[in-house]
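Reproduced below: my_file-v2.txt, with compact mmCIF, N, CA and C atoms.
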```txt
# COMPACT_ATOMS: atom_id res chain seq x y z
N GLN X 462 0.83 -1.19 0.00
CA GLN X 462 0.00 0.00 0.00
C GLN X 462 0.87 1.25 0.00
N VAL X 463 0.35 2.27 -0.63
CA VAL X 463 1.04 3.56 -0.70
C VAL X 463 0.14 4.62 -0.09
N ARG X 464 0.74 5.46 0.73
CA ARG X 464 -0.01 6.56 1.32
C ARG X 464 0.51 7.86 0.74
N LEU X 465 -0.41 8.73 0.34
CA LEU X 465 -0.04 10.01 -0.26
C LEU X 465 -0.66 11.14 0.55
N VAL X 466 0.14 12.13 0.87
CA VAL X 466 -0.34 13.26 1.65
C VAL X 466 0.06 14.55 0.96
N GLU X 467 -0.92 15.35 0.58
CA GLU X 467 -0.67 16.62 -0.08
C GLU X 467 -0.54 17.75 0.93
N SER X 468 0.20 18.77 0.54
CA SER X 468 0.32 19.98 1.35
C SER X 468 0.61 21.15 0.43
N GLY X 469 0.44 22.36 0.95
CA GLY X 469 0.82 23.56 0.23
C GLY X 469 -0.30 24.34 -0.41
N GLY X 470 -1.51 23.86 -0.32
CA GLY X 470 -2.62 24.61 -0.89
C GLY X 470 -2.89 25.89 -0.12
N GLY X 471 -3.77 26.71 -0.67
CA GLY X 471 -4.12 27.95 0.00
C GLY X 471 -4.84 28.89 -0.93
N SER X 472 -4.92 30.15 -0.51
CA SER X 472 -5.59 31.17 -1.31
C SER X 472 -4.57 32.19 -1.80
N VAL X 473 -4.71 32.58 -3.03
CA VAL X 473 -3.78 33.53 -3.63
C VAL X 473 -4.51 34.37 -4.66
N GLN X 474 -4.01 35.54 -4.93
CA GLN X 474 -4.60 36.38 -5.97
C GLN X 474 -4.09 35.95 -7.34
N ALA X 475 -4.85 36.28 -8.34
CA ALA X 475 -4.47 35.97 -9.72
C ALA X 475 -3.08 36.54 -10.01
N GLY X 476 -2.28 35.73 -10.68
CA GLY X 476 -0.91 36.12 -10.98
C GLY X 476 0.09 35.62 -9.95
N GLY X 477 -0.41 35.15 -8.82
CA GLY X 477 0.47 34.67 -7.77
C GLY X 477 0.93 33.25 -7.99
N SER X 478 1.65 32.73 -7.00
CA SER X 478 2.23 31.40 -7.10
C SER X 478 1.94 30.59 -5.84
N LEU X 479 1.90 29.28 -6.02
CA LEU X 479 1.80 28.34 -4.91
C LEU X 479 2.63 27.12 -5.26
N ARG X 480 3.08 26.43 -4.23
CA ARG X 480 3.85 25.20 -4.44
C ARG X 480 3.17 24.09 -3.65
N LEU X 481 2.75 23.08 -4.36
CA LEU X 481 2.15 21.91 -3.73
C LEU X 481 3.19 20.81 -3.59
N SER X 482 3.04 20.02 -2.54
CA SER X 482 3.91 18.87 -2.34
C SER X 482 3.06 17.65 -2.04
N CYS X 483 3.55 16.50 -2.47
CA CYS X 483 2.88 15.24 -2.21
C CYS X 483 3.93 14.28 -1.65
N ALA X 484 3.75 13.91 -0.40
CA ALA X 484 4.69 13.00 0.26
C ALA X 484 4.15 11.58 0.19
N ALA X 485 4.97 10.69 -0.33
CA ALA X 485 4.57 9.29 -0.46
C ALA X 485 5.27 8.45 0.61
N SER X 486 4.55 7.48 1.14
CA SER X 486 5.12 6.55 2.12
C SER X 486 4.51 5.17 1.90
N GLY X 487 5.13 4.18 2.54
CA GLY X 487 4.66 2.81 2.37
C GLY X 487 5.43 2.12 1.27
N SER X 488 4.74 1.39 0.43
CA SER X 488 5.38 0.59 -0.63
C SER X 488 5.69 1.47 -1.85
N THR X 489 6.51 2.48 -1.64
CA THR X 489 6.80 3.44 -2.71
C THR X 489 7.57 2.79 -3.85
N TYR X 490 8.23 1.67 -3.59
CA TYR X 490 8.99 0.99 -4.63
C TYR X 490 8.07 0.51 -5.76
N SER X 491 6.78 0.35 -5.46
CA SER X 491 5.84 -0.14 -6.45
C SER X 491 5.32 0.95 -7.39
N MET X 492 5.58 2.19 -7.06
CA MET X 492 5.07 3.29 -7.88
C MET X 492 5.88 3.43 -9.16
N PHE X 493 5.18 3.63 -10.26
CA PHE X 493 5.85 3.88 -11.54
C PHE X 493 5.67 5.33 -11.97
N SER X 494 4.57 5.92 -11.64
CA SER X 494 4.33 7.31 -11.99
C SER X 494 3.52 7.99 -10.90
N MET X 495 3.63 9.31 -10.86
CA MET X 495 2.84 10.12 -9.95
C MET X 495 2.26 11.27 -10.73
N ASN X 496 1.09 11.72 -10.31
CA ASN X 496 0.37 12.71 -11.10
C ASN X 496 -0.43 13.62 -10.19
N TRP X 497 -0.64 14.83 -10.64
CA TRP X 497 -1.55 15.76 -9.99
C TRP X 497 -2.83 15.85 -10.81
N PHE X 498 -3.95 15.72 -10.12
CA PHE X 498 -5.26 15.94 -10.71
C PHE X 498 -5.90 17.10 -9.97
N ARG X 499 -6.92 17.68 -10.57
CA ARG X 499 -7.71 18.69 -9.87
C ARG X 499 -9.17 18.53 -10.23
N GLN X 500 -10.00 19.00 -9.32
CA GLN X 500 -11.43 18.93 -9.55
C GLN X 500 -12.09 20.16 -8.95
N ALA X 501 -12.76 20.90 -9.80
CA ALA X 501 -13.52 22.07 -9.37
C ALA X 501 -14.98 21.65 -9.16
N PRO X 502 -15.71 22.37 -8.35
CA PRO X 502 -17.11 22.02 -8.10
C PRO X 502 -17.91 21.93 -9.40
N GLY X 503 -18.62 20.83 -9.56
CA GLY X 503 -19.45 20.65 -10.74
C GLY X 503 -18.72 20.21 -11.98
N LYS X 504 -17.42 19.99 -11.86
CA LYS X 504 -16.62 19.60 -13.03
C LYS X 504 -15.98 18.24 -12.81
N GLU X 505 -15.58 17.62 -13.90
CA GLU X 505 -14.90 16.33 -13.80
C GLU X 505 -13.46 16.52 -13.33
N ARG X 506 -12.95 15.46 -12.76
CA ARG X 506 -11.54 15.49 -12.35
C ARG X 506 -10.66 15.50 -13.60
N GLU X 507 -9.66 16.35 -13.62
CA GLU X 507 -8.78 16.46 -14.77
C GLU X 507 -7.32 16.37 -14.35
N ALA X 508 -6.53 15.77 -15.23
CA ALA X 508 -5.10 15.66 -14.97
C ALA X 508 -4.43 17.02 -15.19
N VAL X 509 -3.47 17.33 -14.36
CA VAL X 509 -2.78 18.62 -14.43
C VAL X 509 -1.34 18.44 -14.88
N ALA X 510 -0.57 17.65 -14.13
CA ALA X 510 0.84 17.44 -14.44
C ALA X 510 1.33 16.22 -13.69
N GLY X 511 2.28 15.52 -14.30
CA GLY X 511 2.80 14.33 -13.64
C GLY X 511 4.12 13.90 -14.21
N MET X 512 4.66 12.86 -13.65
CA MET X 512 5.92 12.35 -14.15
C MET X 512 6.08 10.87 -13.89
N ILE X 513 6.85 10.24 -14.77
CA ILE X 513 7.26 8.86 -14.58
C ILE X 513 8.46 8.90 -13.65
N ILE X 514 8.40 8.15 -12.57
CA ILE X 514 9.45 8.26 -11.56
C ILE X 514 10.40 7.08 -11.58
N ARG X 515 10.23 6.19 -12.54
CA ARG X 515 11.15 5.05 -12.71
C ARG X 515 11.74 5.11 -14.11
N GLY X 516 12.92 4.51 -14.24
CA GLY X 516 13.50 4.38 -15.56
C GLY X 516 13.85 5.72 -16.18
N VAL X 517 13.48 5.89 -17.43
CA VAL X 517 13.91 7.06 -18.19
C VAL X 517 13.14 8.32 -17.84
N GLY X 518 12.09 8.18 -17.04
CA GLY X 518 11.34 9.35 -16.64
C GLY X 518 10.44 9.89 -17.75
N GLY X 519 10.02 11.10 -17.61
CA GLY X 519 9.11 11.73 -18.56
C GLY X 519 8.09 12.52 -17.79
N THR X 520 7.63 13.60 -18.37
CA THR X 520 6.65 14.45 -17.71
C THR X 520 5.42 14.65 -18.59
N TYR X 521 4.36 15.07 -17.92
CA TYR X 521 3.10 15.36 -18.60
C TYR X 521 2.58 16.69 -18.06
N TYR X 522 2.05 17.51 -18.96
CA TYR X 522 1.38 18.74 -18.57
C TYR X 522 0.10 18.89 -19.39
N ALA X 523 -0.96 19.24 -18.71
CA ALA X 523 -2.18 19.59 -19.44
C ALA X 523 -1.93 20.89 -20.21
N ASP X 524 -2.57 21.03 -21.34
CA ASP X 524 -2.38 22.24 -22.16
C ASP X 524 -2.69 23.50 -21.36
N SER X 525 -3.63 23.42 -20.47
CA SER X 525 -4.06 24.61 -19.73
C SER X 525 -3.01 25.11 -18.74
N VAL X 526 -2.01 24.28 -18.42
CA VAL X 526 -1.00 24.70 -17.44
C VAL X 526 0.40 24.77 -18.01
N LYS X 527 0.58 24.38 -19.25
CA LYS X 527 1.92 24.42 -19.86
C LYS X 527 2.47 25.83 -19.82
N GLY X 528 3.73 25.92 -19.42
CA GLY X 528 4.39 27.21 -19.33
C GLY X 528 4.15 27.93 -18.01
N ARG X 529 3.24 27.42 -17.19
CA ARG X 529 2.95 28.05 -15.89
C ARG X 529 3.27 27.12 -14.72
N PHE X 530 3.04 25.83 -14.89
CA PHE X 530 3.26 24.87 -13.81
C PHE X 530 4.50 24.04 -14.11
N ILE X 531 5.21 23.68 -13.04
CA ILE X 531 6.38 22.82 -13.18
C ILE X 531 6.28 21.69 -12.17
N VAL X 532 6.39 20.45 -12.66
CA VAL X 532 6.35 19.28 -11.77
C VAL X 532 7.77 18.79 -11.56
N SER X 533 8.08 18.40 -10.34
CA SER X 533 9.42 17.92 -10.03
C SER X 533 9.34 16.85 -8.94
N GLN X 534 10.41 16.09 -8.85
CA GLN X 534 10.46 15.01 -7.88
C GLN X 534 11.66 15.18 -6.97
N ASP X 535 11.46 14.94 -5.69
CA ASP X 535 12.55 14.86 -4.73
C ASP X 535 12.66 13.39 -4.35
N LYS X 536 13.56 12.67 -4.99
CA LYS X 536 13.64 11.22 -4.80
C LYS X 536 14.01 10.87 -3.37
N ALA X 537 14.89 11.66 -2.77
CA ALA X 537 15.34 11.36 -1.41
C ALA X 537 14.18 11.42 -0.41
N LYS X 538 13.21 12.28 -0.71
CA LYS X 538 12.09 12.46 0.21
C LYS X 538 10.81 11.78 -0.28
N ASN X 539 10.91 11.08 -1.42
CA ASN X 539 9.71 10.45 -2.01
C ASN X 539 8.59 11.46 -2.15
N THR X 540 8.93 12.62 -2.69
CA THR X 540 7.97 13.71 -2.80
C THR X 540 7.84 14.18 -4.24
N LEU X 541 6.60 14.44 -4.63
CA LEU X 541 6.32 15.06 -5.92
C LEU X 541 5.84 16.48 -5.67
N ASN X 542 6.48 17.43 -6.34
CA ASN X 542 6.14 18.84 -6.14
C ASN X 542 5.47 19.42 -7.38
N LEU X 543 4.66 20.43 -7.17
CA LEU X 543 4.04 21.15 -8.27
C LEU X 543 4.16 22.64 -8.00
N GLN X 544 5.03 23.28 -8.76
CA GLN X 544 5.19 24.73 -8.67
C GLN X 544 4.18 25.37 -9.61
N MET X 545 3.30 26.17 -9.07
CA MET X 545 2.23 26.78 -9.87
C MET X 545 2.45 28.28 -9.92
N ASN X 546 2.71 28.80 -11.09
CA ASN X 546 2.96 30.22 -11.29
C ASN X 546 1.87 30.84 -12.16
N SER X 547 1.79 32.15 -12.14
CA SER X 547 0.81 32.88 -12.94
C SER X 547 -0.58 32.27 -12.79
N LEU X 548 -0.96 32.07 -11.57
CA LEU X 548 -2.24 31.40 -11.30
C LEU X 548 -3.42 32.24 -11.77
N LYS X 549 -4.44 31.54 -12.21
CA LYS X 549 -5.66 32.17 -12.72
C LYS X 549 -6.85 31.69 -11.90
N PRO X 550 -7.94 32.47 -11.88
CA PRO X 550 -9.13 32.01 -11.17
C PRO X 550 -9.60 30.62 -11.65
N GLY X 551 -9.37 30.31 -12.90
CA GLY X 551 -9.75 29.02 -13.44
C GLY X 551 -8.95 27.86 -12.88
N ASP X 552 -7.87 28.15 -12.16
CA ASP X 552 -7.07 27.10 -11.53
C ASP X 552 -7.65 26.69 -10.17
N THR X 553 -8.67 27.42 -9.72
CA THR X 553 -9.29 27.10 -8.44
C THR X 553 -9.90 25.71 -8.47
N ALA X 554 -9.49 24.88 -7.52
CA ALA X 554 -9.95 23.49 -7.48
C ALA X 554 -9.35 22.80 -6.27
N MET X 555 -9.84 21.60 -6.01
CA MET X 555 -9.16 20.72 -5.07
C MET X 555 -8.12 19.96 -5.88
N TYR X 556 -6.90 19.95 -5.40
CA TYR X 556 -5.80 19.30 -6.10
C TYR X 556 -5.46 17.99 -5.38
N TYR X 557 -5.41 16.92 -6.17
CA TYR X 557 -5.14 15.59 -5.64
C TYR X 557 -3.85 15.03 -6.22
N CYS X 558 -3.10 14.36 -5.38
CA CYS X 558 -1.93 13.62 -5.81
C CYS X 558 -2.35 12.16 -6.01
N ALA X 559 -1.82 11.54 -7.05
CA ALA X 559 -2.14 10.14 -7.33
C ALA X 559 -0.89 9.40 -7.79
N ALA X 560 -0.88 8.10 -7.55
CA ALA X 560 0.24 7.27 -7.96
C ALA X 560 -0.26 6.03 -8.68
N SER X 561 0.51 5.62 -9.67
CA SER X 561 0.16 4.43 -10.43
C SER X 561 1.30 3.42 -10.39
N THR X 562 0.94 2.14 -10.35
CA THR X 562 1.94 1.08 -10.43
C THR X 562 2.01 0.51 -11.85
N ARG X 563 1.15 0.99 -12.72
CA ARG X 563 1.10 0.49 -14.08
C ARG X 563 2.23 1.05 -14.92
N THR X 564 2.82 0.20 -15.77
CA THR X 564 3.83 0.66 -16.70
C THR X 564 3.21 1.07 -18.03
N ALA X 565 2.00 0.64 -18.26
CA ALA X 565 1.23 1.09 -19.42
C ALA X 565 0.04 1.87 -18.88
N PHE X 566 0.03 3.15 -19.12
CA PHE X 566 -1.01 3.98 -18.53
C PHE X 566 -1.12 5.28 -19.32
N THR X 567 -2.14 6.03 -18.99
CA THR X 567 -2.34 7.35 -19.57
C THR X 567 -2.41 8.35 -18.44
N PHE X 568 -1.59 9.36 -18.47
CA PHE X 568 -1.59 10.37 -17.41
C PHE X 568 -2.97 10.97 -17.21
N ALA X 569 -3.71 11.15 -18.29
CA ALA X 569 -4.97 11.87 -18.22
C ALA X 569 -6.12 11.01 -17.68
N ASP X 570 -5.89 9.70 -17.50
CA ASP X 570 -6.98 8.82 -17.09
C ASP X 570 -6.88 8.50 -15.60
N PRO X 571 -7.76 9.04 -14.79
CA PRO X 571 -7.69 8.77 -13.35
C PRO X 571 -7.86 7.28 -13.01
N ARG X 572 -8.47 6.51 -13.89
CA ARG X 572 -8.69 5.09 -13.60
C ARG X 572 -7.38 4.31 -13.58
N HIS X 573 -6.33 4.89 -14.12
CA HIS X 573 -5.03 4.21 -14.16
C HIS X 573 -4.22 4.43 -12.89
N PHE X 574 -4.78 5.19 -11.96
CA PHE X 574 -4.05 5.53 -10.74
C PHE X 574 -4.73 4.86 -9.56
N SER X 575 -3.95 4.06 -8.83
CA SER X 575 -4.52 3.24 -7.75
C SER X 575 -4.54 3.94 -6.41
N TYR X 576 -3.61 4.84 -6.22
CA TYR X 576 -3.46 5.48 -4.91
C TYR X 576 -3.71 6.99 -5.02
N TRP X 577 -4.45 7.48 -4.03
CA TRP X 577 -4.84 8.89 -4.04
C TRP X 577 -4.67 9.52 -2.67
N GLY X 578 -4.30 10.78 -2.68
CA GLY X 578 -4.30 11.55 -1.46
C GLY X 578 -5.68 12.14 -1.21
N ARG X 579 -5.82 12.84 -0.08
CA ARG X 579 -7.11 13.42 0.27
C ARG X 579 -7.36 14.76 -0.41
N GLY X 580 -6.31 15.35 -0.91
CA GLY X 580 -6.47 16.61 -1.62
C GLY X 580 -6.10 17.83 -0.81
N THR X 581 -5.77 18.90 -1.53
CA THR X 581 -5.49 20.19 -0.91
C THR X 581 -6.16 21.27 -1.77
N GLN X 582 -6.80 22.23 -1.12
CA GLN X 582 -7.58 23.22 -1.84
C GLN X 582 -6.70 24.37 -2.31
N VAL X 583 -6.91 24.75 -3.56
CA VAL X 583 -6.26 25.93 -4.14
C VAL X 583 -7.36 26.88 -4.59
N THR X 584 -7.30 28.11 -4.10
CA THR X 584 -8.29 29.12 -4.46
C THR X 584 -7.57 30.35 -5.00
N VAL X 585 -7.93 30.74 -6.21
CA VAL X 585 -7.31 31.90 -6.85
C VAL X 585 -8.39 32.95 -7.06
N SER X 586 -8.18 34.11 -6.49
CA SER X 586 -9.16 35.19 -6.60
C SER X 586 -8.70 36.21 -7.64
N SER X 587 -9.68 36.83 -8.26
CA SER X 587 -9.37 37.82 -9.31
C SER X 587 -9.16 39.20 -8.73
```

Please, can you express the file's structure as structure tokens?
Amino acid sequence: QVRLVESGGGSVQAGGSLRLSCAASGSTYSMFSMNWFRQAPGKEREAVAGMIIRGVGGTYYADSVKGRFIVSQDKAKNTLNLQMNSLKPGDTAMYYCAASTRTAFTFADPRHFSYWGRGTQVTVSS
């Protein structure tokens, strides 16, 4: 089992920045990728950014966050970080960290991720 705990959410004005962190514990050796999803009220959960944490690596960014968000990994701490810059009101959502043990998967498909954190709220005001 893998346990994921998010931190770093909060409220910020448009144009500001926030940094989210996801700390993984437990059977972290089984994880192949980690991803950030978000869900706003009344909307479907959507993938934001993620990375393959084994082998050759690789990153994913949703078109809506490219050039503004940066995903990174701290291997020593088993942590996935999300630096969010130039935040917009449309970025307001609950942000969830997820991990997958699958080697064949799609970043954008939440069904491919077995482990989830409880989420951290991000609110961007105009």

- Give the strand (DSSP E) residues of chain X, as DSSP finds them on the backbone, and put them as a VMD selection string. chain X and resid 463 to 468 471 to 474 479 to 487 494 to 500 507 to 513 520 to 522 530 to 535 540 to 545 554 to 561 576 to 577 581 to 586

Region 536-578 of chain X residues near region 462-478 of chain X within 6 Å, closest pair each, using only N, CA and C atoms, as CSV:
```
residue,atom,partner,partner_atom,distance
X:Met545,C,X:Ser478,CA,4.2
X:Asn546,CA,X:Ser478,CA,4.4
X:Ser547,CA,X:Gly476,C,4.1
X:Leu548,C,X:Gly476,N,3.8
X:Lys549,N,X:Gly476,N,5.0
X:Pro550,N,X:Ala475,CA,5.4
X:Trp577,C,X:Leu465,CA,5.2
X:Gly578,CA,X:Leu465,C,4.2
```

Report as a PDB file with N, CA and C atoms, in the coordinates of the input all protein, DNA and RNA residues lying within 6.5 Å of Ala554 (chain X), evaluated on all atoms listed in the file, omitting residues in the same chain fewer than 4 positions from it.
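The resulting selection08.pdb:
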```pdb
ATOM      1  N   ARG X 499      -6.920  17.680 -10.570  1.00  0.00           N
ATOM      2  CA  ARG X 499      -7.710  18.690  -9.870  1.00  0.00           C
ATOM      3  C   ARG X 499      -9.170  18.530 -10.230  1.00  0.00           C
ATOM      4  N   GLN X 500     -10.000  19.000  -9.320  1.00  0.00           N
ATOM      5  CA  GLN X 500     -11.430  18.930  -9.550  1.00  0.00           C
ATOM      6  C   GLN X 500     -12.090  20.160  -8.950  1.00  0.00           C
ATOM      7  N   ALA X 501     -12.760  20.900  -9.800  1.00  0.00           N
ATOM      8  CA  ALA X 501     -13.520  22.070  -9.370  1.00  0.00           C
ATOM      9  C   ALA X 501     -14.980  21.650  -9.160  1.00  0.00           C
ATOM     10  N   PRO X 502     -15.710  22.370  -8.350  1.00  0.00           N
ATOM     11  CA  PRO X 502     -17.110  22.020  -8.100  1.00  0.00           C
ATOM     12  C   PRO X 502     -17.910  21.930  -9.400  1.00  0.00           C
ATOM     13  N   THR X 581      -5.770  18.900  -1.530  1.00  0.00           N
ATOM     14  CA  THR X 581      -5.490  20.190  -0.910  1.00  0.00           C
ATOM     15  C   THR X 581      -6.160  21.270  -1.770  1.00  0.00           C
ATOM     16  N   GLN X 582      -6.800  22.230  -1.120  1.00  0.00           N
ATOM     17  CA  GLN X 582      -7.580  23.220  -1.840  1.00  0.00           C
ATOM     18  C   GLN X 582      -6.700  24.370  -2.310  1.00  0.00           C
ATOM     19  N   VAL X 583      -6.910  24.750  -3.560  1.00  0.00           N
ATOM     20  CA  VAL X 583      -6.260  25.930  -4.140  1.00  0.00           C
ATOM     21  C   VAL X 583      -7.360  26.880  -4.590  1.00  0.00           C
ATOM     22  N   THR X 584      -7.300  28.110  -4.100  1.00  0.00           N
ATOM     23  CA  THR X 584      -8.290  29.120  -4.460  1.00  0.00           C
ATOM     24  C   THR X 584      -7.570  30.350  -5.000  1.00  0.00           C
ATOM     25  N   VAL X 585      -7.930  30.740  -6.210  1.00  0.00           N
ATOM     26  CA  VAL X 585      -7.310  31.900  -6.850  1.00  0.00           C
ATOM     27  C   VAL X 585      -8.390  32.950  -7.060  1.00  0.00           C
TER      28      VAL X 585
END
```

- Would you mind reading off the distance between CA of Thr562 (chain X) and CA of Arg529 (chain X), one decimal, in Å? 27.5 Å

- Query: Any idea what the distance is between CA of Ser586 (chain X) and CA of Arg480 (chain X)?
  - Reply: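 A separation of 16.5 Å between them.
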
- Task: Have a look at X:Gly528, X:Ala508, X:Ser533, X:Gly518 and name the one nearest to Asp570 (chain X); count only N, CA and C atoms.
- Result: X:Ala508

- Neighbourhood query: residues within 10 Å of (-1.4, 19.0, -18.3), file coordinates, counting only C-alpha atoms; return as number ranges by chain. X: 496-498, 507-511, 520-527, 530, 568-569

I'd like the box whose edges run along x, y and z of the file and which contains every listed atom of region 548-555 of chain X, padded by 5 Å per side; could you state its centre and edge lengths in Å, one decimal, as lines of an AutoDock Vina configuration file?
```
center_x = -5.5
center_y = 26.2
center_z = -9.3
size_x = 19.0
size_y = 22.5
size_z = 18.4
```

Expected answer as a PDB file with N, CA and C atoms, keeping the file's coordinate frame: all residues with atoms within 5 Å of (6.5, 4.3, -16.3), all atoms listed in the file:
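Written file, part-v6.pdb:
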```pdb
ATOM      1  N   PHE X 493       5.180   3.630 -10.260  1.00  0.00           N
ATOM      2  CA  PHE X 493       5.850   3.880 -11.540  1.00  0.00           C
ATOM      3  C   PHE X 493       5.670   5.330 -11.970  1.00  0.00           C
ATOM      4  N   ILE X 513       6.850  10.240 -14.770  1.00  0.00           N
ATOM      5  CA  ILE X 513       7.260   8.860 -14.580  1.00  0.00           C
ATOM      6  C   ILE X 513       8.460   8.900 -13.650  1.00  0.00           C
ATOM      7  N   THR X 564       2.820   0.200 -15.770  1.00  0.00           N
ATOM      8  CA  THR X 564       3.830   0.660 -16.700  1.00  0.00           C
ATOM      9  C   THR X 564       3.210   1.070 -18.030  1.00  0.00           C
TER      10      THR X 564
END
```

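Taking CA of Ser561 (chain X) and CA of Leu479 (chain X) as endpoints, the distance between them is 24.6 Å.
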
- Query: Which polymer residues have any atom within 5 Å of an atom of Tyr576 (chain X), counting only N, CA and C atoms, with same-chain residues fewer than 2 positions away left out, as an MDAnalysis selection string?
  - Reply: chainID X and resid 559:560 574 578
